[in-house]
$ cat start_19.txt   # compact mmCIF, C-alpha atoms
# COMPACT_ATOMS: atom_id res chain seq x y z
CA MET A 79 -22.11 -4.94 4.84
CA LEU A 80 -22.34 -6.56 8.25
CA PHE A 81 -18.92 -5.21 9.24
CA ILE A 82 -19.78 -1.67 8.11
CA GLY A 83 -23.13 -1.91 9.89
CA ARG A 84 -21.43 -2.98 13.12
CA LEU A 85 -18.95 -0.09 12.85
CA MET A 86 -21.75 2.42 12.23
CA HIS A 87 -23.76 1.06 15.18
CA ARG A 88 -20.73 1.28 17.47
CA ALA A 89 -19.92 4.82 16.27
CA PHE A 90 -23.52 5.87 16.92
CA GLU A 91 -23.37 4.41 20.44
CA LEU A 92 -20.12 6.26 21.13
CA TYR A 93 -21.61 9.49 19.81
CA LEU A 94 -24.63 9.20 22.09
CA GLN A 95 -22.45 8.44 25.11
CA MET A 96 -20.13 11.37 24.42
CA HIS A 97 -23.09 13.68 23.80
CA ASP A 98 -24.63 12.79 27.18
CA HIS A 99 -21.25 13.09 28.95
CA ILE A 100 -21.30 9.43 29.97
CA PRO A 101 -17.88 7.80 30.38
CA LEU A 102 -17.01 5.42 27.57
CA PRO A 103 -16.99 1.71 28.38
CA PRO A 104 -13.67 -0.12 28.16
CA GLU A 105 -15.11 -2.48 25.52
CA MET A 106 -13.54 -1.80 22.14
CA PHE A 107 -13.94 -3.28 18.67
CA HIS A 108 -11.13 -5.80 19.09
CA GLN A 109 -12.91 -7.37 22.06
CA MET A 110 -16.00 -8.25 20.00
CA PRO A 111 -15.39 -11.64 18.33
CA LEU A 112 -17.79 -11.09 15.43
CA THR A 113 -16.30 -7.71 14.53
CA THR A 114 -12.76 -9.07 14.85
CA GLY A 115 -13.63 -12.06 12.66
CA LEU A 116 -15.24 -9.85 10.01
CA PHE A 117 -12.26 -7.51 10.02
CA GLY A 118 -9.89 -10.46 9.64
CA LEU A 119 -11.98 -11.86 6.80
CA LEU A 120 -11.92 -8.53 4.97
CA ALA A 121 -8.19 -8.11 5.56
CA VAL A 122 -7.44 -11.59 4.17
CA TYR A 123 -9.75 -11.03 1.18
CA TYR A 124 -8.17 -7.71 0.17
CA GLY A 125 -4.65 -8.97 0.89
CA ALA A 126 -5.20 -12.00 -1.36
CA TYR A 127 -6.79 -9.81 -4.04
CA HIS A 128 -3.83 -7.43 -4.15
CA LEU A 129 -1.31 -10.28 -4.08
CA LEU A 130 -2.99 -12.10 -6.96
CA LEU A 131 -3.43 -8.86 -8.89
CA ALA A 132 0.29 -8.10 -8.54
CA ARG A 133 1.19 -11.65 -9.63
CA TRP A 134 -1.12 -11.37 -12.66
CA ARG A 135 0.33 -7.96 -13.57
CA ARG A 136 3.86 -9.42 -13.67
CA THR A 137 2.77 -12.05 -16.19
CA GLN A 138 1.41 -9.48 -18.67
CA LYS A 139 3.58 -8.20 -21.49
CA PRO A 140 4.07 -4.43 -21.59
CA VAL A 141 2.06 -2.66 -24.26
CA SER A 142 3.23 0.68 -25.55
CA ALA A 143 0.68 3.47 -25.62
CA LEU A 144 0.99 3.83 -29.39
CA LYS A 145 0.12 0.18 -30.05
CA GLN A 146 -2.66 0.15 -27.52
CA PHE A 147 -4.54 3.07 -29.10
CA ASP A 148 -3.39 2.49 -32.69
CA LEU A 149 -1.91 5.98 -32.94
CA PRO A 150 0.66 6.95 -35.58
CA PRO A 151 4.21 7.61 -34.33
CA LEU A 152 5.09 11.20 -33.51
$ encode --input "start_19.txt" --output "structure tokens"
Amino acid sequence: MLFIGRLMHRAFELYLQMHDHIPLPPEMFHQMPLTTGLFGLLAVYYGAYHLLLARWRRTQKPVSALKQFDLPPL
């Protein structure tokens, strides 16, 4: 939530500056340590989630659709 809030705040600031025809400052998201840290934390979290999900999926035995739903053969 904090990361999304920071992105929305920055986007709002950029919108106001562009609307008033004020040049944009050179400061970008990657120069803000809190935003960079939050982005890294989210990237590591989702990367680990997908890696562990893929590892778990490989350990599962395949189930045919007919057995899964208890349907008679065609």
$ atom_distance --input "start_19.txt" --atom1 "CA of Phe81 (chain A)" --atom2 "CA of Thr113 (chain A)"
6.4 Å
$ closest_residue --input "start_19.txt" --among "A:His128, A:His97, A:Leu112, A:Val122" --to "Leu85 (chain A)" --atoms "all atoms listed in the file"
A:Leu112
$ axis_aligned_box --input "start_19.txt" --around "region 123-127 of chain A" --padding-each-side "5 Å" --output "JSON"
{"center_x": -7.2, "center_y": -9.9, "center_z": -1.4, "size_x": 15.1, "size_y": 14.3, "size_z": 15.2}
